[in-house]
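Note sheet for the following structure.
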Amino acid sequence: MTEETLTETLPPVRDWPALDLTGVDFDPVLAELMREGPVTRIRLPNGEGWAWLVTRHDDVRMVTNDPRFGREAVMDRQVTRLAPHFIPARGAVGFLDPPDHTRLRRSVAAAFTARGVERVRERSRRLLDELVDEMLQDGPPTDLVATVLTPFPIAVICELMGVPAADRHGMHTWTQLILSSSHGAQVSEKAKNEMGAYFADLIGLREGSTAGDVTSLLGAAVGREEITLEEAVGLAVLLQIGGEAVTNNSGQMFYLLLTCPDLAERLRAEPEIRPKAIDELLRYIPHRNAVGLSRIALEDVEIRGHRIRAGDAVYVSYLAANRDPEVFPDPETIDLSRSPNPHVAFGFGPHYCPGGMLARLESGLLIDTLLDRVPGLKLAVPPGEVPFKKGALIRGPEALPVTW
């Protein structure tokens, strides 16, 4: 594109309020922004100023994988954002750029490879069977979120992290306080510090370890002086919190299956399509409210005829990218046999979610176990009465009342 065809006319800044959305409804503000154009400008409820928003699949992949857009520079800025408080720890992996980011991710990579995740498959299946045994024994109705969808991902991430079973409940409490935006900043900060102190102790005890769990891998990397204890703790906190995202994703997944019984029936009848179907559900589900972490343009970059200037904040929307009609024909339709399905539900580029394979493993086990072992599973209340989280950054049902 030549200098002359670059537009210097800035698109209007659109306010994007914090919405409490229910079900799997797509955010109406985001839908409007997508209609306005591939590159727009937004103002979120907190922080300062405005930021660019990129919504097309190709552009989202470009921005997230391009070193001209950095995360580290966000540290010193009050970029417009959804979260009421912004307390990044210096050196936290989410705010690092390569090569530091690469070095830190490498220290735990083994736990999140196909082989590392397979290490916890059998134990995870047994844990899930125990939870479902208990649920069937207690009889209907029950809240699927409380009985299965919350304790299962906590148990699995604690298993992968090397956190003893006795400490699972404390981990969950801290995670809820960190993720909720309805408590004050101090409550979140205190929970984050307490979880950090816990991991500092655990990692410190494992400096000479050769085990394959995450805290052992981190302890060994600290022992070899490849990463600092502070970096290891920041990464452990992030991974532990991220592990609970499966509760919300699977909550939305089962809400969808229970409100569209034909989808559930097809998955029961054709178990061979389940892996593909899970990817389609991951593409379709609106995992979060608004957008996550921004990036800062480190030099002038042109996207779709707009000049993004050095220093400008840029957000990408993975939710919007997953509905790009140029990549996903009929994007509003759930097509369980969609192929190819290059969705970006786990992000893209260097900051791609390390737990993507683990989340797929858990989703697969949940769908196999609940659909096959509880064939009569259905909602115990009308769909409109299922309560969804309010004031949260991540979307999902508060409870999922079911019967069978």
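The chains in the structure tokens are called A, B, ... from first to last as shown; in each chain the residues are counted from 1, and the ligands are counted from 1 in the order shown.
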
Write out as an NGL selection string which residues come within 10 Å of segment 349-355 of chain A when counting only C-alpha atoms, dropping same-chain ones fewer than 2 positions away. :A and (60-67 or 71 or 93-98 or 101-102 or 105 or 108-109 or 111-113 or 117 or 157 or 239 or 242-243 or 245-246 or 344-347 or 357-361)

Taking N, CA, C and O atoms for each residue, export the selection above as a compact mmCIF listing (two decimals), in the first residue's frame.
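After the write, result.txt holds the following:
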```txt
# COMPACT_ATOMS: atom_id res chain seq x y z
N VAL A 60 -5.73 -10.56 13.27
CA VAL A 60 -5.52 -10.99 14.67
C VAL A 60 -4.28 -11.87 14.74
O VAL A 60 -3.42 -11.70 15.61
N ARG A 61 -4.14 -12.79 13.79
CA ARG A 61 -2.96 -13.66 13.78
C ARG A 61 -1.69 -12.86 13.49
O ARG A 61 -0.63 -13.15 14.06
N MET A 62 -1.80 -11.86 12.64
CA MET A 62 -0.62 -11.04 12.33
C MET A 62 -0.17 -10.26 13.58
O MET A 62 1.00 -10.32 13.97
N VAL A 63 -1.10 -9.55 14.22
CA VAL A 63 -0.75 -8.71 15.38
C VAL A 63 -0.16 -9.56 16.50
O VAL A 63 0.83 -9.19 17.13
N THR A 64 -0.77 -10.74 16.78
CA THR A 64 -0.32 -11.55 17.92
C THR A 64 1.01 -12.24 17.66
O THR A 64 1.65 -12.73 18.58
N ASN A 65 1.43 -12.27 16.38
CA ASN A 65 2.66 -13.00 16.05
C ASN A 65 3.76 -12.07 15.54
O ASN A 65 4.78 -12.53 15.04
N ASP A 66 3.54 -10.74 15.66
CA ASP A 66 4.45 -9.77 15.05
C ASP A 66 5.23 -9.03 16.15
O ASP A 66 4.62 -8.39 17.02
N PRO A 67 6.58 -9.12 16.12
CA PRO A 67 7.37 -8.48 17.18
C PRO A 67 7.22 -6.96 17.22
O PRO A 67 7.67 -6.32 18.18
N ARG A 71 4.14 -6.61 24.52
CA ARG A 71 3.36 -6.62 25.76
C ARG A 71 4.07 -5.87 26.89
O ARG A 71 3.44 -5.31 27.76
N VAL A 93 4.88 -13.54 32.87
CA VAL A 93 5.02 -14.04 31.50
C VAL A 93 4.06 -13.37 30.51
O VAL A 93 4.38 -13.15 29.35
N GLY A 94 2.87 -12.98 30.98
CA GLY A 94 1.90 -12.32 30.10
C GLY A 94 2.37 -10.96 29.61
O GLY A 94 1.86 -10.44 28.60
N PHE A 95 3.35 -10.38 30.31
CA PHE A 95 3.84 -9.04 29.94
C PHE A 95 5.29 -9.07 29.47
O PHE A 95 5.97 -8.07 29.49
N LEU A 96 5.74 -10.25 29.07
CA LEU A 96 7.10 -10.36 28.55
C LEU A 96 7.07 -10.50 27.03
O LEU A 96 6.12 -11.03 26.47
N ASP A 97 8.10 -10.03 26.38
CA ASP A 97 8.28 -10.24 24.94
C ASP A 97 9.47 -11.19 24.77
O ASP A 97 10.31 -11.31 25.67
N PRO A 98 9.58 -11.86 23.61
CA PRO A 98 10.79 -12.65 23.35
C PRO A 98 12.01 -11.73 23.42
O PRO A 98 11.86 -10.55 23.12
N HIS A 101 10.37 -13.98 27.19
CA HIS A 101 9.13 -14.74 27.18
C HIS A 101 9.40 -16.19 26.75
O HIS A 101 8.92 -17.14 27.36
N THR A 102 10.23 -16.35 25.71
CA THR A 102 10.56 -17.68 25.18
C THR A 102 11.30 -18.50 26.24
O THR A 102 11.00 -19.68 26.45
N ARG A 105 8.79 -19.58 29.02
CA ARG A 105 7.85 -20.61 28.56
C ARG A 105 8.55 -21.97 28.40
O ARG A 105 7.97 -23.02 28.67
N VAL A 108 8.68 -24.71 31.31
CA VAL A 108 7.56 -25.61 31.67
C VAL A 108 6.98 -26.32 30.45
O VAL A 108 6.00 -27.07 30.56
N ALA A 109 7.56 -26.09 29.28
CA ALA A 109 6.97 -26.62 28.03
C ALA A 109 6.69 -28.12 28.10
O ALA A 109 5.65 -28.58 27.63
N ALA A 111 5.66 -30.05 30.37
CA ALA A 111 4.42 -30.46 31.04
C ALA A 111 3.20 -30.30 30.15
O ALA A 111 2.17 -30.92 30.38
N PHE A 112 3.31 -29.42 29.13
CA PHE A 112 2.13 -29.09 28.33
C PHE A 112 2.18 -29.67 26.92
O PHE A 112 1.33 -29.38 26.09
N THR A 113 3.20 -30.50 26.63
CA THR A 113 3.25 -31.18 25.33
C THR A 113 2.22 -32.30 25.35
O THR A 113 1.66 -32.65 26.41
N VAL A 117 0.81 -33.96 28.81
CA VAL A 117 -0.63 -33.95 29.12
C VAL A 117 -1.13 -35.40 29.25
O VAL A 117 -1.94 -35.71 30.13
N ILE A 157 -5.61 -29.44 37.14
CA ILE A 157 -4.50 -28.46 37.09
C ILE A 157 -3.59 -28.64 38.30
O ILE A 157 -2.37 -28.54 38.19
N LEU A 239 -0.50 -20.06 35.40
CA LEU A 239 -0.94 -21.37 34.93
C LEU A 239 -2.02 -21.95 35.83
O LEU A 239 -2.98 -22.55 35.36
N GLY A 242 -5.19 -20.05 35.09
CA GLY A 242 -5.66 -20.43 33.75
C GLY A 242 -6.30 -21.80 33.74
O GLY A 242 -7.23 -22.06 32.96
N GLY A 243 -5.83 -22.69 34.61
CA GLY A 243 -6.37 -24.05 34.67
C GLY A 243 -7.85 -24.09 34.99
O GLY A 243 -8.56 -25.03 34.63
N ALA A 245 -10.03 -22.03 33.84
CA ALA A 245 -10.84 -21.53 32.72
C ALA A 245 -11.73 -22.64 32.17
O ALA A 245 -12.81 -22.39 31.63
N VAL A 246 -11.28 -23.90 32.32
CA VAL A 246 -12.06 -25.04 31.81
C VAL A 246 -13.44 -25.10 32.48
O VAL A 246 -14.41 -25.52 31.86
N VAL A 344 -9.06 -19.59 16.94
CA VAL A 344 -8.01 -19.02 17.81
C VAL A 344 -8.53 -18.90 19.25
O VAL A 344 -8.23 -17.95 19.96
N ALA A 345 -9.33 -19.90 19.67
CA ALA A 345 -9.90 -19.87 21.03
C ALA A 345 -8.81 -19.89 22.10
O ALA A 345 -9.01 -19.41 23.21
N PHE A 346 -7.64 -20.45 21.76
CA PHE A 346 -6.53 -20.47 22.73
C PHE A 346 -5.49 -19.40 22.42
O PHE A 346 -4.36 -19.43 22.92
N GLY A 347 -5.86 -18.44 21.57
CA GLY A 347 -4.93 -17.38 21.21
C GLY A 347 -4.06 -17.80 20.03
O GLY A 347 -4.32 -18.80 19.35
N MET A 357 -3.78 -27.95 24.98
CA MET A 357 -3.92 -29.42 24.89
C MET A 357 -4.59 -29.99 26.13
O MET A 357 -5.38 -30.92 26.04
N LEU A 358 -4.25 -29.42 27.28
CA LEU A 358 -4.85 -29.89 28.53
C LEU A 358 -6.36 -29.60 28.52
O LEU A 358 -7.17 -30.45 28.91
N ALA A 359 -6.74 -28.41 28.06
CA ALA A 359 -8.16 -28.05 28.00
C ALA A 359 -8.92 -28.98 27.07
O ALA A 359 -10.04 -29.41 27.37
N ARG A 360 -8.31 -29.32 25.93
CA ARG A 360 -8.96 -30.26 25.00
C ARG A 360 -9.12 -31.64 25.65
O ARG A 360 -10.15 -32.29 25.50
N LEU A 361 -8.08 -32.08 26.36
CA LEU A 361 -8.14 -33.36 27.06
C LEU A 361 -9.31 -33.37 28.05
O LEU A 361 -10.12 -34.29 28.08
```

Step one, run DSSP on the backbone; step two, keep only residues of segment 176-242 of chain A assigned to helix (DSSP H, G or I); then write them as an NGL selection string. :A and (176-179 or 185-205 or 214-223 or 229-242)

Which residue out of A:Leu366, A:Leu377, A:Leu53, A:Met171 has the minimum interatomic distance to Leu131 of chain A when only C-alpha atoms are used?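 When distances to Leu131 of chain A are compared using only C-alpha atoms, the smallest one comes from A:Leu366.
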
Between atom CA of Tyr255 of chain A and atom CA of Gly396 of chain A lies a distance of 9.2 Å

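The residues of segment 150-369 of chain A that DSSP assigns to strand (DSSP E or B) on this backbone come out as Ser180, Arg288, Arg295, Ile296, Ala297, Val301, Glu302, Ile303, His306, Arg307, Ile308, Ala313, Val314, Tyr315 and Val316 of chain A.
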
From the options A:Arg309, A:Lys389, A:Arg304, A:Arg77, which residue's atoms come nearest to Arg56 of chain A, counting only C-alpha atoms?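 Nearest to Arg56 of chain A: A:Arg304.
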
May I ask which of the residues A:Val120, A:Ala290, A:Ala166, A:Ile303 is the closest one to Asp213 of chain A, counting only C-alpha atoms? A:Val120

Students should find that atom CA of Val79 of chain A and atom CA of Gly391 of chain A are spaced 19.6 Å

Any idea what's packed within 10 Å of Pro375 of chain A, counting only C-alpha atoms, ignoring anything in its chain fewer than 3 positions away? Could you give it as a PyMOL selection string? chain A and resi 264-265+268+369-372+378+404

Next, the residues of the selection above should be written as a PDB file, in the first residue's frame with C-alpha atoms.
```pdb
ATOM      1  CA  ALA A 264     -25.966 -33.760  22.374  1.00  0.00           C
ATOM      2  CA  GLU A 265     -27.805 -36.645  20.680  1.00  0.00           C
ATOM      3  CA  ARG A 268     -23.880 -39.594  21.795  1.00  0.00           C
ATOM      4  CA  THR A 369     -18.084 -39.335  30.631  1.00  0.00           C
ATOM      5  CA  LEU A 370     -21.200 -37.205  31.071  1.00  0.00           C
ATOM      6  CA  LEU A 371     -22.844 -38.050  27.731  1.00  0.00           C
ATOM      7  CA  ASP A 372     -22.126 -41.794  28.006  1.00  0.00           C
ATOM      8  CA  LYS A 378     -31.005 -32.451  30.913  1.00  0.00           C
ATOM      9  CA  TRP A 404     -31.582 -37.099  34.556  1.00  0.00           C
TER      10      TRP A 404
END
```

Hey, can you check how far atom CA of Asp138 of chain A sits from atom CA of Pro387 of chain A?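 Separation of atom CA of Asp138 of chain A and atom CA of Pro387 of chain A: 22.5 Å.
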
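Closest approach to Asn249 of chain A among A:Leu149, A:Val301, A:Val156, A:Met34 is made by A:Leu149 (distances from only C-alpha atoms).
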
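Non-sequential neighbours of Ala146 of chain A (distance at most 12 Å, separation of 6 or more positions within a chain, only C-alpha atoms) are Leu131, Val132, Met135, Phe152, Pro153, Ile154, Thr247, Asn248, Gly251, Pro397, Glu398, Ala399, Leu400, Pro401 and Val402 of chain A.
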
Would you put the residues from that selection into a file with N, CA, C and O atoms, as a short mmCIF file (atom, residue, chain, number, x, y, z; two decimals), in the first residue's frame?
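Dumped to again_7.cif:
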```cif
data_model
loop_
_atom_site.label_atom_id
_atom_site.label_comp_id
_atom_site.auth_asym_id
_atom_site.auth_seq_id
_atom_site.Cartn_x
_atom_site.Cartn_y
_atom_site.Cartn_z
N LEU A 131 -16.08 -38.32 40.69
CA LEU A 131 -17.03 -37.20 40.85
C LEU A 131 -18.41 -37.57 40.30
O LEU A 131 -19.43 -37.27 40.91
N VAL A 132 -18.43 -38.25 39.15
CA VAL A 132 -19.71 -38.64 38.54
C VAL A 132 -20.37 -39.75 39.36
O VAL A 132 -21.60 -39.74 39.54
N MET A 135 -22.05 -38.02 42.12
CA MET A 135 -23.22 -37.27 41.64
C MET A 135 -24.40 -38.22 41.42
O MET A 135 -25.53 -37.93 41.82
N PHE A 152 -13.44 -30.77 39.00
CA PHE A 152 -12.63 -31.55 38.04
C PHE A 152 -11.43 -30.75 37.51
O PHE A 152 -10.28 -31.17 37.64
N PRO A 153 -11.64 -29.56 36.90
CA PRO A 153 -10.46 -28.82 36.39
C PRO A 153 -9.48 -28.42 37.50
O PRO A 153 -8.28 -28.39 37.26
N ILE A 154 -10.01 -28.15 38.70
CA ILE A 154 -9.10 -27.81 39.81
C ILE A 154 -8.19 -29.01 40.11
O ILE A 154 -6.97 -28.87 40.24
N THR A 247 -13.53 -24.68 33.74
CA THR A 247 -14.84 -24.66 34.42
C THR A 247 -15.83 -23.81 33.63
O THR A 247 -16.96 -24.23 33.39
N ASN A 248 -15.38 -22.64 33.21
CA ASN A 248 -16.28 -21.74 32.48
C ASN A 248 -16.52 -22.22 31.06
O ASN A 248 -17.65 -22.21 30.57
N GLY A 251 -18.69 -25.20 31.24
CA GLY A 251 -20.02 -24.76 31.68
C GLY A 251 -20.82 -24.25 30.49
O GLY A 251 -22.00 -24.60 30.30
N PRO A 397 -21.54 -20.08 33.27
CA PRO A 397 -22.67 -20.17 34.20
C PRO A 397 -22.21 -20.23 35.65
O PRO A 397 -21.20 -20.87 35.97
N GLU A 398 -22.94 -19.54 36.50
CA GLU A 398 -22.69 -19.57 37.95
C GLU A 398 -23.07 -20.95 38.48
O GLU A 398 -22.44 -21.50 39.37
N ALA A 399 -24.16 -21.49 37.93
CA ALA A 399 -24.66 -22.81 38.29
C ALA A 399 -25.33 -23.41 37.07
O ALA A 399 -25.77 -22.67 36.19
N LEU A 400 -25.38 -24.71 37.00
CA LEU A 400 -26.04 -25.40 35.88
C LEU A 400 -26.93 -26.49 36.47
O LEU A 400 -26.50 -27.64 36.64
N PRO A 401 -28.18 -26.12 36.84
CA PRO A 401 -29.07 -27.10 37.48
C PRO A 401 -29.48 -28.18 36.48
O PRO A 401 -30.04 -27.87 35.43
N VAL A 402 -29.16 -29.45 36.79
CA VAL A 402 -29.47 -30.55 35.86
C VAL A 402 -30.22 -31.67 36.59
O VAL A 402 -30.18 -31.77 37.82
#
```

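Compared by their closest atoms to Ile334 of chain A, and using only C-alpha atoms, the residues A:Ala83, A:Val237, A:Leu229, A:Ala277 rank with A:Ala277 nearest.
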
With only C-alpha atoms as the basis for distance, which of A:Pro140, A:Gly311, A:Gly196, A:Pro261 is at the shortest distance from Ile241 of chain A?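 Closest candidate: A:Gly196.
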
Can you list, as a list in words, every protein, DNA or RNA residue that comes within 9 Å of Lys190 of chain A when you count only C-alpha atoms, leaving out same-chain residues fewer than 3 positions away?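 Here the answer would be Trp174, Leu177, Ile178, Ala185, Gln186, Val187, Asn193, Glu194 and Met195 of chain A.
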
Considering only C-alpha atoms, return as a ChimeraX atom specification whatever protein or nucleic-acid residues lie within 12 Å of Asp133 of chain A, sequence-local ones (same chain, fewer than 4 positions apart) excluded. /A:126-129,137-139,147-148,369-370,373-374

Please provide as a ChimeraX atom specification all residues within 10 Å of Asp324 of chain A, with the sequence filter that same-chain residues fewer than 5 positions apart are discarded (counting only C-alpha atoms). /A:34,55-58,318-319,329-332,343
